[in-house]
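Pasted below: protein-v6.pdb, PDB, N, CA and C atoms.
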```
ATOM      1  N   MET A   1       0.834  -1.187   0.000
ATOM      2  CA  MET A   1       0.000   0.000   0.000
ATOM      3  C   MET A   1       0.877   1.248   0.000
ATOM      4  N   ILE A   2       0.482   2.228  -0.796
ATOM      5  CA  ILE A   2       1.235   3.481  -0.903
ATOM      6  C   ILE A   2       0.881   4.381   0.282
ATOM      7  N   PRO A   3       1.886   4.864   1.019
ATOM      8  CA  PRO A   3       1.582   5.766   2.135
ATOM      9  C   PRO A   3       0.997   7.092   1.631
ATOM     10  N   LEU A   4       0.090   7.645   2.395
ATOM     11  CA  LEU A   4      -0.529   8.919   2.039
ATOM     12  C   LEU A   4       0.047  10.037   2.890
ATOM     13  N   ARG A   5       0.084  11.196   2.333
ATOM     14  CA  ARG A   5       0.629  12.371   3.019
ATOM     15  C   ARG A   5      -0.369  13.513   2.867
ATOM     16  N   LEU A   6      -0.737  14.135   3.970
ATOM     17  CA  LEU A   6      -1.688  15.240   3.969
ATOM     18  C   LEU A   6      -0.942  16.536   4.269
ATOM     19  N   GLU A   7      -1.050  17.515   3.364
ATOM     20  CA  GLU A   7      -0.358  18.790   3.526
ATOM     21  C   GLU A   7      -1.351  19.939   3.379
ATOM     22  N   GLU A   8      -1.016  21.063   4.009
ATOM     23  CA  GLU A   8      -1.913  22.223   4.017
ATOM     24  C   GLU A   8      -1.343  23.368   3.180
ATOM     25  N   PHE A   9      -2.239  24.042   2.461
ATOM     26  CA  PHE A   9      -1.897  25.176   1.611
ATOM     27  C   PHE A   9      -2.791  26.347   1.979
ATOM     28  N   LYS A  10      -2.251  27.553   1.967
ATOM     29  CA  LYS A  10      -3.007  28.777   2.283
ATOM     30  C   LYS A  10      -3.601  29.335   0.999
ATOM     31  N   MET A  11      -4.918  29.572   1.031
ATOM     32  CA  MET A  11      -5.634  30.110  -0.117
ATOM     33  C   MET A  11      -6.225  31.456   0.290
ATOM     34  N   GLU A  12      -6.123  32.457  -0.549
ATOM     35  CA  GLU A  12      -6.545  33.809  -0.195
ATOM     36  C   GLU A  12      -8.035  34.073  -0.321
ATOM     37  N   ARG A  13      -8.724  33.342  -1.196
ATOM     38  CA  ARG A  13     -10.165  33.571  -1.344
ATOM     39  C   ARG A  13     -10.859  32.241  -1.626
ATOM     40  N   PRO A  14     -12.147  32.148  -1.323
ATOM     41  CA  PRO A  14     -12.865  30.876  -1.476
ATOM     42  C   PRO A  14     -13.230  30.588  -2.934
ATOM     43  N   GLY A  15     -13.608  29.336  -3.160
ATOM     44  CA  GLY A  15     -14.160  28.947  -4.445
ATOM     45  C   GLY A  15     -13.163  28.616  -5.535
ATOM     46  N   LEU A  16     -11.877  28.580  -5.222
ATOM     47  CA  LEU A  16     -10.872  28.305  -6.249
ATOM     48  C   LEU A  16     -10.678  26.811  -6.488
ATOM     49  N   VAL A  17     -10.945  25.999  -5.464
ATOM     50  CA  VAL A  17     -10.903  24.537  -5.584
ATOM     51  C   VAL A  17     -12.068  23.961  -4.791
ATOM     52  N   GLU A  18     -12.369  22.684  -5.041
ATOM     53  CA  GLU A  18     -13.447  21.994  -4.343
ATOM     54  C   GLU A  18     -12.918  20.704  -3.736
ATOM     55  N   VAL A  19     -13.537  20.260  -2.658
ATOM     56  CA  VAL A  19     -13.184  18.975  -2.048
ATOM     57  C   VAL A  19     -13.402  17.884  -3.085
ATOM     58  N   GLY A  20     -12.433  16.972  -3.188
ATOM     59  CA  GLY A  20     -12.486  15.888  -4.156
ATOM     60  C   GLY A  20     -11.774  16.190  -5.463
ATOM     61  N   GLN A  21     -11.449  17.435  -5.690
ATOM     62  CA  GLN A  21     -10.775  17.853  -6.925
ATOM     63  C   GLN A  21      -9.315  17.432  -6.899
ATOM     64  N   THR A  22      -8.801  16.962  -8.035
ATOM     65  CA  THR A  22      -7.380  16.670  -8.179
ATOM     66  C   THR A  22      -6.677  17.960  -8.578
ATOM     67  N   VAL A  23      -5.597  18.281  -7.867
ATOM     68  CA  VAL A  23      -4.839  19.500  -8.148
ATOM     69  C   VAL A  23      -3.392  19.150  -8.445
ATOM     70  N   GLU A  24      -2.743  20.032  -9.171
ATOM     71  CA  GLU A  24      -1.333  19.871  -9.499
ATOM     72  C   GLU A  24      -0.536  20.909  -8.726
ATOM     73  N   ILE A  25       0.656  20.510  -8.269
ATOM     74  CA  ILE A  25       1.521  21.457  -7.563
ATOM     75  C   ILE A  25       2.845  21.583  -8.293
ATOM     76  N   ILE A  26       3.473  22.738  -8.094
ATOM     77  CA  ILE A  26       4.834  22.941  -8.575
ATOM     78  C   ILE A  26       5.715  23.271  -7.375
ATOM     79  N   GLU A  27       6.967  22.874  -7.480
ATOM     80  CA  GLU A  27       7.935  23.097  -6.408
ATOM     81  C   GLU A  27       8.802  24.300  -6.751
ATOM     82  N   ARG A  28       9.029  25.126  -5.764
ATOM     83  CA  ARG A  28       9.948  26.257  -5.877
ATOM     84  C   ARG A  28      10.920  26.164  -4.705
ATOM     85  N   ASN A  29      12.108  26.718  -4.888
ATOM     86  CA  ASN A  29      13.059  26.670  -3.784
ATOM     87  C   ASN A  29      13.859  27.960  -3.681
ATOM     88  N   THR A  30      14.323  28.170  -2.468
ATOM     89  CA  THR A  30      15.264  29.242  -2.184
ATOM     90  C   THR A  30      16.534  28.561  -1.706
ATOM     91  N   VAL A  31      17.459  29.307  -1.228
ATOM     92  CA  VAL A  31      18.698  28.724  -0.718
ATOM     93  C   VAL A  31      18.426  27.846   0.510
ATOM     94  N   ALA A  32      17.477  28.213   1.325
ATOM     95  CA  ALA A  32      17.270  27.541   2.606
ATOM     96  C   ALA A  32      16.101  26.563   2.662
ATOM     97  N   PHE A  33      15.103  26.675   1.743
ATOM     98  CA  PHE A  33      13.918  25.824   1.872
ATOM     99  C   PHE A  33      13.194  25.652   0.537
ATOM    100  N   TYR A  34      12.187  24.771   0.565
ATOM    101  CA  TYR A  34      11.316  24.517  -0.583
ATOM    102  C   TYR A  34       9.901  24.920  -0.212
ATOM    103  N   TYR A  35       9.116  25.319  -1.203
ATOM    104  CA  TYR A  35       7.695  25.577  -0.988
ATOM    105  C   TYR A  35       6.950  25.171  -2.250
ATOM    106  N   TYR A  36       5.626  25.045  -2.133
ATOM    107  CA  TYR A  36       4.809  24.501  -3.215
ATOM    108  C   TYR A  36       3.628  25.411  -3.507
ATOM    109  N   ILE A  37       3.223  25.420  -4.771
ATOM    110  CA  ILE A  37       2.100  26.231  -5.217
ATOM    111  C   ILE A  37       1.114  25.325  -5.943
ATOM    112  N   ILE A  38      -0.163  25.409  -5.566
ATOM    113  CA  ILE A  38      -1.200  24.736  -6.342
ATOM    114  C   ILE A  38      -1.425  25.605  -7.567
ATOM    115  N   VAL A  39      -1.239  25.029  -8.743
ATOM    116  CA  VAL A  39      -1.345  25.805  -9.979
ATOM    117  C   VAL A  39      -2.769  25.793 -10.507
ATOM    118  N   PRO A  40      -3.196  26.893 -11.112
ATOM    119  CA  PRO A  40      -2.466  28.124 -11.420
ATOM    120  C   PRO A  40      -2.561  29.131 -10.279
ATOM    121  N   ALA A  41      -1.582  29.217  -9.446
ATOM    122  CA  ALA A  41      -1.467  30.191  -8.347
ATOM    123  C   ALA A  41      -2.720  30.266  -7.477
ATOM    124  N   ILE A  42      -3.226  29.110  -7.066
ATOM    125  CA  ILE A  42      -4.435  29.042  -6.242
ATOM    126  C   ILE A  42      -4.107  29.157  -4.761
ATOM    127  N   ALA A  43      -3.076  28.440  -4.325
ATOM    128  CA  ALA A  43      -2.712  28.410  -2.911
ATOM    129  C   ALA A  43      -1.228  28.080  -2.782
ATOM    130  N   MET A  44      -0.662  28.412  -1.625
ATOM    131  CA  MET A  44       0.771  28.216  -1.405
ATOM    132  C   MET A  44       1.003  27.499  -0.084
ATOM    133  N   SER A  45       2.012  26.645  -0.076
ATOM    134  CA  SER A  45       2.356  25.900   1.139
ATOM    135  C   SER A  45       3.256  26.721   2.037
ATOM    136  N   GLY A  46       3.526  26.162   3.194
ATOM    137  CA  GLY A  46       4.562  26.706   4.062
ATOM    138  C   GLY A  46       5.920  26.257   3.541
ATOM    139  N   ASN A  47       6.950  26.436   4.338
ATOM    140  CA  ASN A  47       8.306  26.078   3.950
ATOM    141  C   ASN A  47       8.650  24.668   4.408
ATOM    142  N   TYR A  48       9.419  23.969   3.588
ATOM    143  CA  TYR A  48       9.854  22.605   3.876
ATOM    144  C   TYR A  48      11.360  22.505   3.755
ATOM    145  N   LYS A  49      11.959  21.680   4.611
ATOM    146  CA  LYS A  49      13.371  21.359   4.477
ATOM    147  C   LYS A  49      13.526  20.359   3.335
ATOM    148  N   TYR A  50      14.749  20.179   2.878
ATOM    149  CA  TYR A  50      15.021  19.237   1.786
ATOM    150  C   TYR A  50      14.463  17.850   2.105
ATOM    151  N   SER A  51      14.657  17.391   3.310
ATOM    152  CA  SER A  51      14.211  16.040   3.696
ATOM    153  C   SER A  51      12.687  15.923   3.801
ATOM    154  N   GLU A  52      11.967  17.026   3.789
ATOM    155  CA  GLU A  52      10.507  17.034   3.910
ATOM    156  C   GLU A  52       9.802  17.285   2.573
ATOM    157  N   ARG A  53      10.546  17.366   1.493
ATOM    158  CA  ARG A  53       9.980  17.708   0.192
ATOM    159  C   ARG A  53       8.824  16.789  -0.198
ATOM    160  N   ILE A  54       7.859  17.339  -0.942
ATOM    161  CA  ILE A  54       6.737  16.563  -1.461
ATOM    162  C   ILE A  54       7.180  15.962  -2.795
ATOM    163  N   LYS A  55       7.085  14.650  -2.913
ATOM    164  CA  LYS A  55       7.567  13.976  -4.119
ATOM    165  C   LYS A  55       6.517  13.908  -5.219
ATOM    166  N   SER A  56       5.251  13.934  -4.863
ATOM    167  CA  SER A  56       4.165  13.876  -5.848
ATOM    168  C   SER A  56       3.942  15.248  -6.474
ATOM    169  N   THR A  57       3.407  15.245  -7.675
ATOM    170  CA  THR A  57       3.068  16.510  -8.325
ATOM    171  C   THR A  57       1.562  16.717  -8.395
ATOM    172  N   LYS A  58       0.783  15.699  -8.022
ATOM    173  CA  LYS A  58      -0.678  15.806  -8.012
ATOM    174  C   LYS A  58      -1.225  15.244  -6.721
ATOM    175  N   GLY A  59      -2.336  15.841  -6.258
ATOM    176  CA  GLY A  59      -2.992  15.378  -5.044
ATOM    177  C   GLY A  59      -4.484  15.658  -5.121
ATOM    178  N   VAL A  60      -5.205  15.190  -4.099
ATOM    179  CA  VAL A  60      -6.655  15.344  -4.049
ATOM    180  C   VAL A  60      -7.013  16.235  -2.862
ATOM    181  N   VAL A  61      -7.847  17.237  -3.103
ATOM    182  CA  VAL A  61      -8.300  18.129  -2.036
ATOM    183  C   VAL A  61      -9.211  17.343  -1.094
ATOM    184  N   LYS A  62      -8.845  17.295   0.186
ATOM    185  CA  LYS A  62      -9.614  16.552   1.182
ATOM    186  C   LYS A  62     -10.475  17.452   2.051
ATOM    187  N   ASP A  63     -10.061  18.705   2.249
ATOM    188  CA  ASP A  63     -10.802  19.598   3.135
ATOM    189  C   ASP A  63     -10.425  21.039   2.838
ATOM    190  N   ILE A  64     -11.371  21.942   3.083
ATOM    191  CA  ILE A  64     -11.115  23.378   2.987
ATOM    192  C   ILE A  64     -11.669  24.003   4.251
ATOM    193  N   LYS A  65     -10.823  24.707   4.985
ATOM    194  CA  LYS A  65     -11.236  25.330   6.240
ATOM    195  C   LYS A  65     -10.994  26.827   6.173
ATOM    196  N   ARG A  66     -11.761  27.543   6.984
ATOM    197  CA  ARG A  66     -11.576  28.988   7.087
ATOM    198  C   ARG A  66     -11.431  29.358   8.552
ATOM    199  N   ASP A  67     -10.494  30.251   8.840
ATOM    200  CA  ASP A  67     -10.381  30.829  10.176
ATOM    201  C   ASP A  67     -10.034  32.302  10.007
ATOM    202  N   GLU A  68      -9.646  32.961  11.085
ATOM    203  CA  GLU A  68      -9.376  34.397  11.020
ATOM    204  C   GLU A  68      -8.168  34.750  10.145
ATOM    205  N   ARG A  69      -7.318  33.768   9.850
ATOM    206  CA  ARG A  69      -6.141  34.015   9.005
ATOM    207  C   ARG A  69      -6.417  33.796   7.521
ATOM    208  N   GLY A  70      -7.535  33.144   7.195
ATOM    209  CA  GLY A  70      -7.851  32.914   5.785
ATOM    210  C   GLY A  70      -8.372  31.516   5.537
ATOM    211  N   TYR A  71      -8.192  31.039   4.321
ATOM    212  CA  TYR A  71      -8.665  29.723   3.889
ATOM    213  C   TYR A  71      -7.485  28.765   3.794
ATOM    214  N   PHE A  72      -7.712  27.521   4.204
ATOM    215  CA  PHE A  72      -6.661  26.523   4.198
ATOM    216  C   PHE A  72      -7.164  25.260   3.499
ATOM    217  N   VAL A  73      -6.398  24.810   2.525
ATOM    218  CA  VAL A  73      -6.747  23.645   1.714
ATOM    219  C   VAL A  73      -5.867  22.479   2.141
ATOM    220  N   SER A  74      -6.489  21.368   2.531
ATOM    221  CA  SER A  74      -5.748  20.153   2.857
ATOM    222  C   SER A  74      -5.738  19.265   1.623
ATOM    223  N   VAL A  75      -4.532  18.878   1.186
ATOM    224  CA  VAL A  75      -4.373  18.062  -0.006
ATOM    225  C   VAL A  75      -3.663  16.763   0.367
ATOM    226  N   GLU A  76      -4.203  15.654  -0.127
ATOM    227  CA  GLU A  76      -3.621  14.338   0.147
ATOM    228  C   GLU A  76      -2.809  13.893  -1.061
ATOM    229  N   PHE A  77      -1.562  13.470  -0.800
ATOM    230  CA  PHE A  77      -0.656  13.014  -1.840
ATOM    231  C   PHE A  77      -0.306  11.559  -1.615
ATOM    232  N   ASN A  78      -0.071  10.829  -2.699
ATOM    233  CA  ASN A  78       0.467   9.460  -2.607
ATOM    234  C   ASN A  78       1.973   9.569  -2.596
ATOM    235  N   GLU A  79       2.585   9.081  -1.531
ATOM    236  CA  GLU A  79       4.048   9.112  -1.433
ATOM    237  C   GLU A  79       4.533   7.837  -0.839
TER     238      GLU A  79
END
```
What would the structure in this file look like if it were written as structure tokens?
Amino acid sequence: MIPLRLEEFKMERPGLVEVGQTVEIIERNTVAFYYYIIVPAIAMSGNYKYSERIKSTKGVVKDIKRDERGYFVSVEFNE
């Protein structure tokens, strides 16, 4: 069985993705860390160390939450 990985992305406004939707991500890096963007520029992840990188390029939206900081999309990846 393939292990699953659930990661969170910050989205600025609602309605850009739906639960159950398959999304694609791209990886970007700086000198110190990696981060991910749901394309086309829908949401952005936090920072990851090299050893924490996401290996998949596609995932499924499992949940969308809202709090005082904004909208957060949980995406499940096969890794």
Point to revise | Residues in the PyMOL selection byres ((chain A and resi 30-47) around 6), expressed as a ChimeraX atom specification | key: /A:8-12,24-29,48-50
Review point. Please, which residues of chain A, numbered as in this document, come out strand (DSSP E) from DSSP, as a PyMOL selection string?
Key: chain A and resi 4-11+22-29+34-38+43-45+58-67+70-78
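Those residues returned by the PyMOL selection byres ((chain A and resi 68-74) around 8) for this file are Arg5, Leu6, Glu7, Glu8, Phe9, Lys10, Met11, Glu12, Arg13, Pro14, Ala43, Met44, Gly59, Val60, Val61, Lys62, Asp63, Ile64, Lys65, Arg66, Asp67, Val75, Glu76 and Phe77 of chain A.
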Could you write out that same residue set with N, CA and C atoms as a compact mmCIF listing (two decimals), keeping the file's coordinate frame?
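To be explicit, this is the file written out as selection-v4.txt:
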```
# COMPACT_ATOMS: atom_id res chain seq x y z
N ARG A 5 0.08 11.20 2.33
CA ARG A 5 0.63 12.37 3.02
C ARG A 5 -0.37 13.51 2.87
N LEU A 6 -0.74 14.14 3.97
CA LEU A 6 -1.69 15.24 3.97
C LEU A 6 -0.94 16.54 4.27
N GLU A 7 -1.05 17.52 3.36
CA GLU A 7 -0.36 18.79 3.53
C GLU A 7 -1.35 19.94 3.38
N GLU A 8 -1.02 21.06 4.01
CA GLU A 8 -1.91 22.22 4.02
C GLU A 8 -1.34 23.37 3.18
N PHE A 9 -2.24 24.04 2.46
CA PHE A 9 -1.90 25.18 1.61
C PHE A 9 -2.79 26.35 1.98
N LYS A 10 -2.25 27.55 1.97
CA LYS A 10 -3.01 28.78 2.28
C LYS A 10 -3.60 29.34 1.00
N MET A 11 -4.92 29.57 1.03
CA MET A 11 -5.63 30.11 -0.12
C MET A 11 -6.22 31.46 0.29
N GLU A 12 -6.12 32.46 -0.55
CA GLU A 12 -6.54 33.81 -0.20
C GLU A 12 -8.04 34.07 -0.32
N ARG A 13 -8.72 33.34 -1.20
CA ARG A 13 -10.16 33.57 -1.34
C ARG A 13 -10.86 32.24 -1.63
N PRO A 14 -12.15 32.15 -1.32
CA PRO A 14 -12.86 30.88 -1.48
C PRO A 14 -13.23 30.59 -2.93
N ALA A 43 -3.08 28.44 -4.32
CA ALA A 43 -2.71 28.41 -2.91
C ALA A 43 -1.23 28.08 -2.78
N MET A 44 -0.66 28.41 -1.62
CA MET A 44 0.77 28.22 -1.40
C MET A 44 1.00 27.50 -0.08
N GLY A 59 -2.34 15.84 -6.26
CA GLY A 59 -2.99 15.38 -5.04
C GLY A 59 -4.48 15.66 -5.12
N VAL A 60 -5.20 15.19 -4.10
CA VAL A 60 -6.66 15.34 -4.05
C VAL A 60 -7.01 16.24 -2.86
N VAL A 61 -7.85 17.24 -3.10
CA VAL A 61 -8.30 18.13 -2.04
C VAL A 61 -9.21 17.34 -1.09
N LYS A 62 -8.85 17.30 0.19
CA LYS A 62 -9.61 16.55 1.18
C LYS A 62 -10.48 17.45 2.05
N ASP A 63 -10.06 18.70 2.25
CA ASP A 63 -10.80 19.60 3.14
C ASP A 63 -10.42 21.04 2.84
N ILE A 64 -11.37 21.94 3.08
CA ILE A 64 -11.12 23.38 2.99
C ILE A 64 -11.67 24.00 4.25
N LYS A 65 -10.82 24.71 4.99
CA LYS A 65 -11.24 25.33 6.24
C LYS A 65 -10.99 26.83 6.17
N ARG A 66 -11.76 27.54 6.98
CA ARG A 66 -11.58 28.99 7.09
C ARG A 66 -11.43 29.36 8.55
N ASP A 67 -10.49 30.25 8.84
CA ASP A 67 -10.38 30.83 10.18
C ASP A 67 -10.03 32.30 10.01
N VAL A 75 -4.53 18.88 1.19
CA VAL A 75 -4.37 18.06 -0.01
C VAL A 75 -3.66 16.76 0.37
N GLU A 76 -4.20 15.65 -0.13
CA GLU A 76 -3.62 14.34 0.15
C GLU A 76 -2.81 13.89 -1.06
N PHE A 77 -1.56 13.47 -0.80
CA PHE A 77 -0.66 13.01 -1.84
C PHE A 77 -0.31 11.56 -1.62
```
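With atom N of A:Glu79 on one side and atom N of A:Ser51 on the other, the separation reads 15.4 Å.
Picture a line from atom CA of A:Gly15 to atom C of A:Glu52; it runs 27.6 Å.
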Practice item. To one decimal in Å, tell me the separation between atom CA of A:Val23 and atom CA of A:Thr57. Key: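 That distance, rounded to one decimal, is 8.5 Å.
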Expected axis-aligned box over every listed atom of stretch 67-73 of chain A, 8 Å added per side, centre plus edges in Å to one decimal, as JSON:
```
{"center_x": -8.2, "center_y": 28.6, "center_z": 6.4, "size_x": 20.6, "size_y": 28.3, "size_z": 25.4}
```
